[in-house]
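Coordinates as given in query-v9.cif (mmCIF, C-alpha atoms; chains and numbers go by the auth columns):
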data_structure
loop_
_atom_site.group_PDB
_atom_site.id
_atom_site.type_symbol
_atom_site.label_atom_id
_atom_site.label_comp_id
_atom_site.label_asym_id
_atom_site.label_seq_id
_atom_site.Cartn_x
_atom_site.Cartn_y
_atom_site.Cartn_z
_atom_site.B_iso_or_equiv
_atom_site.auth_seq_id
_atom_site.auth_asym_id
ATOM 1 C CA MET A 1 13.927 15.606 -4.074 0.00 1 S
ATOM 2 C CA THR A 2 12.029 12.467 -4.946 0.00 2 S
ATOM 3 C CA ASP A 3 11.534 11.139 -8.464 0.00 3 S
ATOM 4 C CA ARG A 4 8.268 11.802 -10.260 0.00 4 S
ATOM 5 C CA VAL A 5 6.136 9.327 -12.136 0.00 5 S
ATOM 6 C CA PRO A 6 5.918 10.439 -15.794 0.00 6 S
ATOM 7 C CA VAL A 7 2.534 11.395 -17.247 0.00 7 S
ATOM 8 C CA LEU A 8 2.455 10.710 -21.015 0.00 8 S
ATOM 9 C CA LYS A 9 -0.039 12.220 -23.436 0.00 9 S
ATOM 10 C CA ILE A 10 -1.299 10.099 -26.329 0.00 10 S
ATOM 11 C CA GLY A 11 -4.046 11.862 -28.272 0.00 11 S
ATOM 12 C CA GLU A 12 -6.788 12.668 -25.777 0.00 12 S
ATOM 13 C CA ILE A 13 -5.504 10.197 -23.225 0.00 13 S
ATOM 14 C CA LEU A 14 -2.980 10.549 -20.430 0.00 14 S
ATOM 15 C CA LEU A 15 -1.028 7.405 -19.665 0.00 15 S
ATOM 16 C CA VAL A 16 0.666 6.771 -16.350 0.00 16 S
ATOM 17 C CA SER A 17 2.668 3.609 -15.920 0.00 17 S
ATOM 18 C CA ILE A 18 3.965 3.192 -12.405 0.00 18 S
ATOM 19 C CA GLN A 19 7.218 1.251 -12.569 0.00 19 S
ATOM 20 C CA VAL A 20 8.802 1.934 -9.193 0.00 20 S
ATOM 21 C CA ASP A 21 8.065 1.178 -5.566 0.00 21 S
ATOM 22 C CA LEU A 22 6.093 4.296 -4.604 0.00 22 S
ATOM 23 C CA GLU A 23 7.126 6.578 -1.809 0.00 23 S
ATOM 24 C CA ASP A 24 4.282 8.571 -0.258 0.00 24 S
ATOM 25 C CA GLN A 25 5.615 11.864 -1.630 0.00 25 S
ATOM 26 C CA MET A 26 5.660 10.421 -5.161 0.00 26 S
ATOM 27 C CA VAL A 27 2.015 9.458 -4.728 0.00 27 S
ATOM 28 C CA LEU A 28 1.087 13.010 -3.745 0.00 28 S
ATOM 29 C CA ASP A 29 3.157 14.491 -6.584 0.00 29 S
ATOM 30 C CA LEU A 30 1.493 12.201 -9.102 0.00 30 S
ATOM 31 C CA GLN A 31 -1.954 13.273 -7.953 0.00 31 S
ATOM 32 C CA GLU A 32 -1.028 16.916 -8.467 0.00 32 S
ATOM 33 C CA ASP A 33 0.730 16.345 -11.809 0.00 33 S
ATOM 34 C CA LEU A 34 -2.235 14.421 -13.173 0.00 34 S
ATOM 35 C CA SER A 35 -4.778 17.075 -12.212 0.00 35 S
ATOM 36 C CA ASN A 36 -2.618 19.774 -13.807 0.00 36 S
ATOM 37 C CA GLN A 37 -2.057 17.731 -16.939 0.00 37 S
ATOM 38 C CA ILE A 38 -5.749 16.992 -17.408 0.00 38 S
ATOM 39 C CA VAL A 39 -6.472 20.717 -17.431 0.00 39 S
ATOM 40 C CA ALA A 40 -3.407 21.644 -19.506 0.00 40 S
ATOM 41 C CA THR A 41 -4.073 19.050 -22.216 0.00 41 S
ATOM 42 C CA GLY A 42 -7.867 18.828 -22.086 0.00 42 S
ATOM 43 C CA ALA A 43 -7.520 15.047 -21.849 0.00 43 S
ATOM 44 C CA LYS A 44 -10.734 13.014 -21.881 0.00 44 S
ATOM 45 C CA GLY A 45 -9.278 9.921 -20.321 0.00 45 S
ATOM 46 C CA VAL A 46 -6.573 8.758 -17.927 0.00 46 S
ATOM 47 C CA VAL A 47 -5.125 5.264 -17.794 0.00 47 S
ATOM 48 C CA ILE A 48 -3.077 4.291 -14.764 0.00 48 S
ATOM 49 C CA ASP A 49 -1.109 1.089 -15.247 0.00 49 S
ATOM 50 C CA ILE A 50 -0.257 -0.556 -11.929 0.00 50 S
ATOM 51 C CA SER A 51 0.872 -3.935 -13.310 0.00 51 S
ATOM 52 C CA ALA A 52 4.365 -3.418 -11.883 0.00 52 S
ATOM 53 C CA LEU A 53 3.112 -2.577 -8.391 0.00 53 S
ATOM 54 C CA GLU A 54 3.760 -5.355 -5.891 0.00 54 S
ATOM 55 C CA ILE A 55 1.519 -3.788 -3.278 0.00 55 S
ATOM 56 C CA VAL A 56 -1.276 -1.229 -3.116 0.00 56 S
ATOM 57 C CA ASP A 57 -1.717 -0.059 0.444 0.00 57 S
ATOM 58 C CA SER A 58 -4.355 2.325 1.802 0.00 58 S
ATOM 59 C CA PHE A 59 -2.321 5.379 0.824 0.00 59 S
ATOM 60 C CA VAL A 60 -1.961 4.384 -2.820 0.00 60 S
ATOM 61 C CA GLY A 61 -5.540 3.108 -2.846 0.00 61 S
ATOM 62 C CA ARG A 62 -6.771 6.457 -1.609 0.00 62 S
ATOM 63 C CA MET A 63 -4.774 8.219 -4.330 0.00 63 S
ATOM 64 C CA LEU A 64 -6.402 6.042 -6.995 0.00 64 S
ATOM 65 C CA ALA A 65 -9.887 6.778 -5.645 0.00 65 S
ATOM 66 C CA THR A 66 -9.269 10.508 -5.166 0.00 66 S
ATOM 67 C CA ASN A 67 -7.739 10.758 -8.578 0.00 67 S
ATOM 68 C CA ALA A 68 -10.753 9.142 -10.211 0.00 68 S
ATOM 69 C CA SER A 69 -13.000 11.725 -8.519 0.00 69 S
ATOM 70 C CA ILE A 70 -10.789 14.697 -9.398 0.00 70 S
ATOM 71 C CA SER A 71 -10.446 13.696 -13.033 0.00 71 S
ATOM 72 C CA ARG A 72 -14.199 13.143 -13.328 0.00 72 S
ATOM 73 C CA VAL A 73 -14.806 16.668 -12.052 0.00 73 S
ATOM 74 C CA LEU A 74 -12.309 17.882 -14.654 0.00 74 S
ATOM 75 C CA GLY A 75 -14.110 16.006 -17.441 0.00 75 S
ATOM 76 C CA ALA A 76 -11.892 12.945 -17.788 0.00 76 S
ATOM 77 C CA GLU A 77 -12.523 9.286 -16.966 0.00 77 S
ATOM 78 C CA THR A 78 -9.849 7.280 -15.161 0.00 78 S
ATOM 79 C CA ILE A 79 -9.249 3.580 -15.706 0.00 79 S
ATOM 80 C CA VAL A 80 -6.862 1.657 -13.477 0.00 80 S
ATOM 81 C CA VAL A 81 -5.369 -1.290 -15.341 0.00 81 S
ATOM 82 C CA GLY A 82 -3.172 -4.291 -14.638 0.00 82 S
ATOM 83 C CA MET A 83 -3.817 -4.970 -10.978 0.00 83 S
ATOM 84 C CA ARG A 84 -2.116 -8.197 -9.908 0.00 84 S
ATOM 85 C CA PRO A 85 -4.389 -10.890 -8.431 0.00 85 S
ATOM 86 C CA ALA A 86 -2.497 -10.963 -5.112 0.00 86 S
ATOM 87 C CA VAL A 87 -2.827 -7.179 -4.885 0.00 87 S
ATOM 88 C CA ALA A 88 -6.578 -7.373 -5.513 0.00 88 S
ATOM 89 C CA MET A 89 -7.016 -10.021 -2.806 0.00 89 S
ATOM 90 C CA THR A 90 -4.998 -7.962 -0.346 0.00 90 S
ATOM 91 C CA LEU A 91 -6.869 -4.730 -1.105 0.00 91 S
ATOM 92 C CA VAL A 92 -10.226 -6.302 -0.433 0.00 92 S
ATOM 93 C CA GLU A 93 -9.053 -7.847 2.819 0.00 93 S
ATOM 94 C CA LEU A 94 -7.515 -4.541 3.842 0.00 94 S
ATOM 95 C CA GLY A 95 -10.983 -3.053 3.486 0.00 95 S
ATOM 96 C CA LEU A 96 -10.491 -0.939 0.379 0.00 96 S
ATOM 97 C CA SER A 97 -13.125 -1.432 -2.270 0.00 97 S
ATOM 98 C CA LEU A 98 -11.918 1.379 -4.576 0.00 98 S
ATOM 99 C CA LYS A 99 -15.490 2.574 -5.009 0.00 99 S
ATOM 100 C CA GLY A 100 -15.877 4.812 -8.019 0.00 100 S
ATOM 101 C CA VAL A 101 -12.668 3.591 -9.620 0.00 101 S
ATOM 102 C CA ARG A 102 -13.063 1.950 -13.000 0.00 102 S
ATOM 103 C CA THR A 103 -10.687 -0.924 -13.602 0.00 103 S
ATOM 104 C CA ALA A 104 -9.729 -3.114 -16.537 0.00 104 S
ATOM 105 C CA LEU A 105 -7.619 -6.241 -16.740 0.00 105 S
ATOM 106 C CA ASN A 106 -4.926 -4.722 -18.931 0.00 106 S
ATOM 107 C CA LEU A 107 -3.957 -1.658 -20.943 0.00 107 S
ATOM 108 C CA GLU A 108 -5.641 -2.849 -24.127 0.00 108 S
ATOM 109 C CA ARG A 109 -8.981 -3.410 -22.427 0.00 109 S
ATOM 110 C CA GLY A 110 -8.625 -0.148 -20.537 0.00 110 S
ATOM 111 C CA LEU A 111 -8.191 1.807 -23.763 0.00 111 S
ATOM 112 C CA LYS A 112 -11.151 0.006 -25.309 0.00 112 S
ATOM 113 C CA LEU A 113 -13.284 0.901 -22.289 0.00 113 S
ATOM 114 C CA LEU A 114 -12.240 4.554 -22.528 0.00 114 S
ATOM 115 C CA ARG A 115 -13.175 4.688 -26.203 0.00 115 S
ATOM 116 C CA ARG A 116 -16.559 3.205 -25.432 0.00 116 S
ATOM 117 C CA LEU A 117 -17.152 5.663 -22.598 0.00 117 S
ATOM 118 C CA SER A 118 -16.238 8.696 -24.673 0.00 118 S
ATOM 119 C CA ALA A 119 -18.366 7.441 -27.582 0.00 119 S
ATOM 120 C CA SER A 120 -21.398 7.077 -25.348 0.00 120 S
ATOM 121 C CA ARG A 121 -20.815 10.545 -23.953 0.00 121 S
ATOM 122 C CA GLY A 122 -20.701 11.906 -27.474 0.00 122 S
ATOM 123 C CA MET B 1 1.960 -13.623 21.317 0.00 1 R
ATOM 124 C CA ASN B 2 3.921 -16.811 21.820 0.00 2 R
ATOM 125 C CA ASP B 3 7.651 -16.702 21.989 0.00 3 R
ATOM 126 C CA TYR B 4 8.615 -18.404 18.746 0.00 4 R
ATOM 127 C CA GLY B 5 12.177 -19.416 18.236 0.00 5 R
ATOM 128 C CA ALA B 6 13.997 -17.319 15.724 0.00 6 R
ATOM 129 C CA VAL B 7 15.279 -19.659 13.018 0.00 7 R
ATOM 130 C CA SER B 8 18.343 -17.662 12.269 0.00 8 R
ATOM 131 C CA ALA B 9 20.178 -15.526 14.749 0.00 9 R
ATOM 132 C CA SER B 10 20.021 -12.677 12.321 0.00 10 R
ATOM 133 C CA VAL B 11 17.432 -9.997 12.852 0.00 11 R
ATOM 134 C CA GLU B 12 17.101 -7.463 10.056 0.00 12 R
ATOM 135 C CA THR B 13 16.770 -3.897 11.289 0.00 13 R
ATOM 136 C CA VAL B 14 15.683 -0.796 9.388 0.00 14 R
ATOM 137 C CA PRO B 15 15.472 2.593 11.114 0.00 15 R
ATOM 138 C CA VAL B 16 12.516 4.624 9.831 0.00 16 R
ATOM 139 C CA ALA B 17 12.834 8.405 9.826 0.00 17 R
ATOM 140 C CA ASN B 18 11.194 9.337 6.519 0.00 18 R
ATOM 141 C CA SER B 19 8.925 7.900 3.840 0.00 19 R
ATOM 142 C CA SER B 20 11.755 6.435 1.782 0.00 20 R
ATOM 143 C CA ASP B 21 12.754 4.408 4.862 0.00 21 R
ATOM 144 C CA VAL B 22 9.239 2.931 4.861 0.00 22 R
ATOM 145 C CA VAL B 23 9.958 1.690 1.322 0.00 23 R
ATOM 146 C CA THR B 24 13.286 0.227 2.474 0.00 24 R
ATOM 147 C CA ALA B 25 11.592 -1.484 5.432 0.00 25 R
ATOM 148 C CA ARG B 26 8.894 -3.115 3.325 0.00 26 R
ATOM 149 C CA GLN B 27 11.480 -4.260 0.762 0.00 27 R
ATOM 150 C CA MET B 28 13.442 -5.866 3.582 0.00 28 R
ATOM 151 C CA VAL B 29 10.281 -7.646 4.776 0.00 29 R
ATOM 152 C CA ARG B 30 9.529 -8.805 1.226 0.00 30 R
ATOM 153 C CA THR B 31 13.031 -10.219 0.721 0.00 31 R
ATOM 154 C CA LEU B 32 12.783 -12.111 3.993 0.00 32 R
ATOM 155 C CA ALA B 33 9.316 -13.442 3.099 0.00 33 R
ATOM 156 C CA GLN B 34 10.534 -14.610 -0.303 0.00 34 R
ATOM 157 C CA ARG B 35 13.545 -16.326 1.237 0.00 35 R
ATOM 158 C CA THR B 36 11.284 -18.058 3.767 0.00 36 R
ATOM 159 C CA GLY B 37 9.090 -19.360 0.972 0.00 37 R
ATOM 160 C CA LEU B 38 5.835 -17.566 1.737 0.00 38 R
ATOM 161 C CA SER B 39 3.367 -17.760 -1.138 0.00 39 R
ATOM 162 C CA LEU B 40 2.942 -14.675 -3.304 0.00 40 R
ATOM 163 C CA VAL B 41 -0.423 -13.842 -1.725 0.00 41 R
ATOM 164 C CA HIS B 42 0.995 -14.191 1.785 0.00 42 R
ATOM 165 C CA GLN B 43 3.994 -12.072 0.837 0.00 43 R
ATOM 166 C CA THR B 44 1.738 -9.382 -0.589 0.00 44 R
ATOM 167 C CA LYS B 45 -0.469 -9.311 2.506 0.00 45 R
ATOM 168 C CA LEU B 46 2.514 -9.169 4.847 0.00 46 R
ATOM 169 C CA VAL B 47 4.292 -6.429 2.897 0.00 47 R
ATOM 170 C CA THR B 48 1.082 -4.383 2.656 0.00 48 R
ATOM 171 C CA ALA B 49 0.597 -4.689 6.432 0.00 49 R
ATOM 172 C CA ALA B 50 4.229 -3.653 6.936 0.00 50 R
ATOM 173 C CA SER B 51 3.663 -0.631 4.733 0.00 51 R
ATOM 174 C CA GLU B 52 0.623 0.472 6.770 0.00 52 R
ATOM 175 C CA LEU B 53 2.351 -0.055 10.108 0.00 53 R
ATOM 176 C CA GLY B 54 5.586 1.588 8.944 0.00 54 R
ATOM 177 C CA ARG B 55 3.672 4.661 7.793 0.00 55 R
ATOM 178 C CA ASN B 56 1.684 4.785 11.060 0.00 56 R
ATOM 179 C CA MET B 57 4.912 4.644 13.009 0.00 57 R
ATOM 180 C CA LEU B 58 6.337 7.515 10.975 0.00 58 R
ATOM 181 C CA ILE B 59 3.260 9.759 11.088 0.00 59 R
ATOM 182 C CA HIS B 60 2.050 9.134 14.628 0.00 60 R
ATOM 183 C CA GLY B 61 5.201 7.954 16.362 0.00 61 R
ATOM 184 C CA GLY B 62 7.699 10.262 14.691 0.00 62 R
ATOM 185 C CA GLY B 63 9.574 7.308 13.222 0.00 63 R
ATOM 186 C CA GLY B 64 11.221 4.343 14.885 0.00 64 R
ATOM 187 C CA VAL B 65 12.724 0.972 14.105 0.00 65 R
ATOM 188 C CA VAL B 66 11.447 -2.016 12.116 0.00 66 R
ATOM 189 C CA ARG B 67 12.914 -5.399 13.010 0.00 67 R
ATOM 190 C CA ALA B 68 12.154 -8.632 11.213 0.00 68 R
ATOM 191 C CA THR B 69 13.227 -12.234 11.411 0.00 69 R
ATOM 192 C CA THR B 70 12.192 -15.706 10.350 0.00 70 R
ATOM 193 C CA VAL B 71 10.392 -17.729 13.021 0.00 71 R
ATOM 194 C CA ALA B 72 9.336 -21.361 13.292 0.00 72 R
ATOM 195 C CA ASP B 73 6.609 -23.228 15.135 0.00 73 R
ATOM 196 C CA GLY B 74 6.358 -26.969 14.692 0.00 74 R
ATOM 197 C CA GLY B 75 6.624 -27.628 10.994 0.00 75 R
ATOM 198 C CA ARG B 76 5.739 -24.181 9.782 0.00 76 R
ATOM 199 C CA SER B 77 7.819 -21.110 9.343 0.00 77 R
ATOM 200 C CA GLY B 78 6.839 -17.513 9.141 0.00 78 R
ATOM 201 C CA ILE B 79 7.962 -13.946 9.410 0.00 79 R
ATOM 202 C CA PHE B 80 7.919 -11.895 12.583 0.00 80 R
ATOM 203 C CA VAL B 81 8.024 -8.109 12.270 0.00 81 R
ATOM 204 C CA GLU B 82 8.195 -5.551 15.054 0.00 82 R
ATOM 205 C CA PHE B 83 7.520 -1.814 14.717 0.00 83 R
ATOM 206 C CA GLN B 84 8.766 0.235 17.627 0.00 84 R
ATOM 207 C CA ASP B 85 8.528 3.964 18.137 0.00 85 R
ATOM 208 C CA GLN B 86 9.047 6.354 21.023 0.00 86 R
ATOM 209 C CA GLY B 87 6.097 8.530 20.115 0.00 87 R
ATOM 210 C CA PRO B 88 3.295 9.786 22.377 0.00 88 R
ATOM 211 C CA GLY B 89 1.463 6.455 22.295 0.00 89 R
ATOM 212 C CA ILE B 90 -2.105 5.639 21.314 0.00 90 R
ATOM 213 C CA PRO B 91 -4.598 6.887 23.919 0.00 91 R
ATOM 214 C CA ASP B 92 -7.348 4.426 23.001 0.00 92 R
ATOM 215 C CA ILE B 93 -6.103 1.287 21.250 0.00 93 R
ATOM 216 C CA GLU B 94 -9.584 -0.200 21.037 0.00 94 R
ATOM 217 C CA LEU B 95 -10.755 2.868 19.123 0.00 95 R
ATOM 218 C CA ALA B 96 -7.635 3.002 16.950 0.00 96 R
ATOM 219 C CA LEU B 97 -8.320 -0.585 15.860 0.00 97 R
ATOM 220 C CA THR B 98 -11.804 0.305 14.635 0.00 98 R
ATOM 221 C CA ASP B 99 -12.324 0.354 10.887 0.00 99 R
ATOM 222 C CA GLY B 100 -12.717 3.832 9.563 0.00 100 R
ATOM 223 C CA TRP B 101 -11.460 5.567 12.666 0.00 101 R
ATOM 224 C CA THR B 102 -8.752 8.008 11.726 0.00 102 R
ATOM 225 C CA SER B 103 -6.739 10.538 13.647 0.00 103 R
ATOM 226 C CA GLY B 104 -5.237 12.068 10.571 0.00 104 R
ATOM 227 C CA ASN B 105 -5.744 12.220 6.834 0.00 105 R
ATOM 228 C CA GLY B 106 -5.704 8.495 6.182 0.00 106 R
ATOM 229 C CA MET B 107 -8.623 6.204 5.496 0.00 107 R
ATOM 230 C CA GLY B 108 -8.634 4.761 8.963 0.00 108 R
ATOM 231 C CA LEU B 109 -7.568 1.353 7.721 0.00 109 R
ATOM 232 C CA GLY B 110 -3.950 1.378 8.842 0.00 110 R
ATOM 233 C CA LEU B 111 -4.132 -0.577 12.094 0.00 111 R
ATOM 234 C CA SER B 112 -7.379 -2.471 11.569 0.00 112 R
ATOM 235 C CA GLY B 113 -6.505 -3.357 7.974 0.00 113 R
ATOM 236 C CA ALA B 114 -2.988 -4.472 8.864 0.00 114 R
ATOM 237 C CA LYS B 115 -4.408 -6.683 11.617 0.00 115 R
ATOM 238 C CA ARG B 116 -6.673 -8.455 9.134 0.00 116 R
ATOM 239 C CA LEU B 117 -3.782 -9.139 6.768 0.00 117 R
ATOM 240 C CA VAL B 118 -1.609 -11.051 9.225 0.00 118 R
ATOM 241 C CA ASP B 119 -2.020 -14.136 11.397 0.00 119 R
ATOM 242 C CA GLU B 120 -0.924 -12.670 14.691 0.00 120 R
ATOM 243 C CA PHE B 121 -1.088 -9.092 15.855 0.00 121 R
ATOM 244 C CA GLU B 122 -0.057 -7.556 19.129 0.00 122 R
ATOM 245 C CA ILE B 123 0.085 -3.934 20.176 0.00 123 R
ATOM 246 C CA GLU B 124 1.478 -2.259 23.264 0.00 124 R
ATOM 247 C CA SER B 125 1.238 1.454 23.744 0.00 125 R
ATOM 248 C CA GLY B 126 2.022 3.888 26.495 0.00 126 R
ATOM 249 C CA SER B 127 3.582 7.248 27.097 0.00 127 R
ATOM 250 C CA GLY B 128 6.961 5.712 26.240 0.00 128 R
ATOM 251 C CA GLY B 129 5.886 4.783 22.730 0.00 129 R
ATOM 252 C CA THR B 130 4.125 2.112 20.724 0.00 130 R
ATOM 253 C CA THR B 131 5.237 -1.364 19.712 0.00 131 R
ATOM 254 C CA VAL B 132 3.350 -3.465 17.179 0.00 132 R
ATOM 255 C CA ARG B 133 4.330 -7.083 16.555 0.00 133 R
ATOM 256 C CA ILE B 134 2.980 -9.201 13.741 0.00 134 R
ATOM 257 C CA VAL B 135 3.510 -12.734 12.432 0.00 135 R
ATOM 258 C CA LYS B 136 2.572 -14.099 9.022 0.00 136 R
ATOM 259 C CA TRP B 137 2.845 -17.865 8.684 0.00 137 R
ATOM 260 C CA GLY B 138 3.617 -19.822 5.571 0.00 138 R
ATOM 261 C CA ARG B 139 1.671 -22.984 5.011 0.00 139 R
#

Just give me the structure of the file as structure tokens.
Amino acid sequence: MTDRVPVLKIGEILLVSIQVDLEDQMVLDLQEDLSNQIVATGAKGVVIDISALEIVDSFVGRMLATNASISRVLGAETIVVGMRPAVAMTLVELGLSLKGVRTALNLERGLKLLRRLSASRG
Amino acid sequence: MNDYGAVSASVETVPVANSSDVVTARQMVRTLAQRTGLSLVHQTKLVTAASELGRNMLIHGGGGVVRATTVADGGRSGIFVEFQDQGPGIPDIELALTDGWTSGNGMGLGLSGAKRLVDEFEIESGSGGTTVRIVKWGR
């Protein structure tokens, strides 16, 4: 069995901080865990911290995009934070634009953005 | 692809039979790239390409072997990586290299994206399997 990435609940936000080199199965498990947790907790926002990730390939990129869509359908906004500059450059060259994925430079700005989004939604 | 001289006689080999082997293979490529002095951006591009090609090899070729070594050409050095499987082969390489074309559940960026991330890219495919060779040069 592979390890799972922990999903932490803080108030109305779910926080995921990816600290290990992701195997494909872990990526799929995380997608499922997050969807379940959004429903179980009624979370309004999800923050995914990828600052420790040395690469984001098409598989992980697809998970980030799919996850943003799933959480939106379930009533939560997803913010991806902490992408390294080299990762961003590589993603764009790879051809992944992460359309529909909100990003912020770091965790602090991501949380601020979530607060603003939920305030404007009322 | 030119026949570059391998700098060291050592060729690192990682057999790939499952998705955790893909992680091992890309870590091996990263270590080699760091040791060779590739810049962080070059390392990231190379390792990302290795991840795409390793996964392709696993999903479409049923697994195989990743081999990597340091190569040199004139004053520059780089990393050579080969992905070899004994799978059914790619019927239409031209098509498989098209952005957005996918045979499975991916985004169709595996081969075409990996090609963009490296400096040299070569693919041979037949009924005996598929071999992809890439080179990423340092400065």

Please write as a count of residues only the full residue list that the PyMOL selection byres ((chain R and resi 87) around 10) yields on this file.
21

List the residues matched by the PyMOL selection byres ((chain R) within 6 of (chain S)) in the displayed structure as a ChimeraX atom specification, ordered by chain and then by residue number.
/R:20,41,45,48,113

In Å, how far is it from atom CA of R:Leu46 to atom CA of R:Gln34?
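One can read the atom CA of R:Leu46 to atom CA of R:Gln34 distance as 11.0 Å.
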
Kindly indicate which residue among R:Ser112, R:Ser51, R:Thr36, R:Gln43 lies nearest to R:Thr70, using only C-alpha atoms for the distances.
R:Thr36

Evaluating the PyMOL selection byres ((chain R and resi 25-27) around 6) on the displayed file yields which residues, as a list in words?
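This file, filtered by the PyMOL selection byres ((chain R and resi 25-27) around 6), leaves Val14, Val22, Val23, Thr24, Met28, Val29, Arg30, Val47, Ala50 and Ser51 of chain R.
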
Can you tell me which residues surround stretch 77-82 of chain R at a distance of at most 6 Å, considering only C-alpha atoms, apart from same-chain residues fewer than 4 positions away, and format the answer as a PyMOL selection string?
chain R and resi 66-72+132-138

For R:Glu52, which residue out of S:Ile70, S:Val60, S:Leu105, S:Val7 is the nearest one, using all atoms listed in the file?
S:Val60

For S:Ser51, the nearest of the candidates S:Ala68, S:Ile10, S:Leu107, S:Ile79, counting all atoms listed in the file:
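Closest residue, counting all atoms listed in the file: S:Leu107.
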
Work out how far apart atom CA of S:Gly100 and atom CA of S:Thr66 are and give it in Å to one decimal.
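Atom CA of S:Thr66 lies at a distance of 9.2 Å from atom CA of S:Gly100.
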
For each of R:Leu32, R:Leu40, R:Ile123, R:Ala49, take the minimum atom-to-atom distance to R:Asp92, counting all atoms listed in the file, then give the residue where this is smallest.
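When distances to R:Asp92 are compared using all atoms listed in the file, the smallest one comes from R:Ile123.
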
Edge lengths and centre in Å to one decimal, as lines of an AutoDock Vina configuration file, of the axis-aligned box that encloses all listed atoms of stretch 24-39 of chain R with 3 Å added on every side?
center_x = 8.5
center_y = -9.6
center_z = 2.1
size_x = 16.2
size_y = 25.6
size_z = 12.6

Here atom CA of R:Asp21 and atom CA of R:Asn56 stand apart by 12.7 Å

Minimum-distance residue to R:Asp73, chosen among R:Arg116, R:Ala17, R:Arg139, R:Val11 (using all atoms listed in the file)
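Checking each candidate against R:Asp73, we get R:Arg139 as the closest.
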
Mind checking which residues fall within 7 Å of stretch 34-39 of chain S, counting all atoms listed in the file, ignoring those fewer than 4 positions away in the same chain, and posting them as a PyMOL selection string?
chain S and resi 7+30+43+71

Would you output that residue set with C-alpha atoms, as a PDB file, keeping the file's coordinate frame?
ATOM      1  CA  VAL S   7       2.534  11.395 -17.247  1.00  0.00           C
ATOM      2  CA  LEU S  30       1.493  12.201  -9.102  1.00  0.00           C
ATOM      3  CA  ALA S  43      -7.520  15.047 -21.849  1.00  0.00           C
ATOM      4  CA  SER S  71     -10.446  13.696 -13.033  1.00  0.00           C
TER       5      SER S  71
END
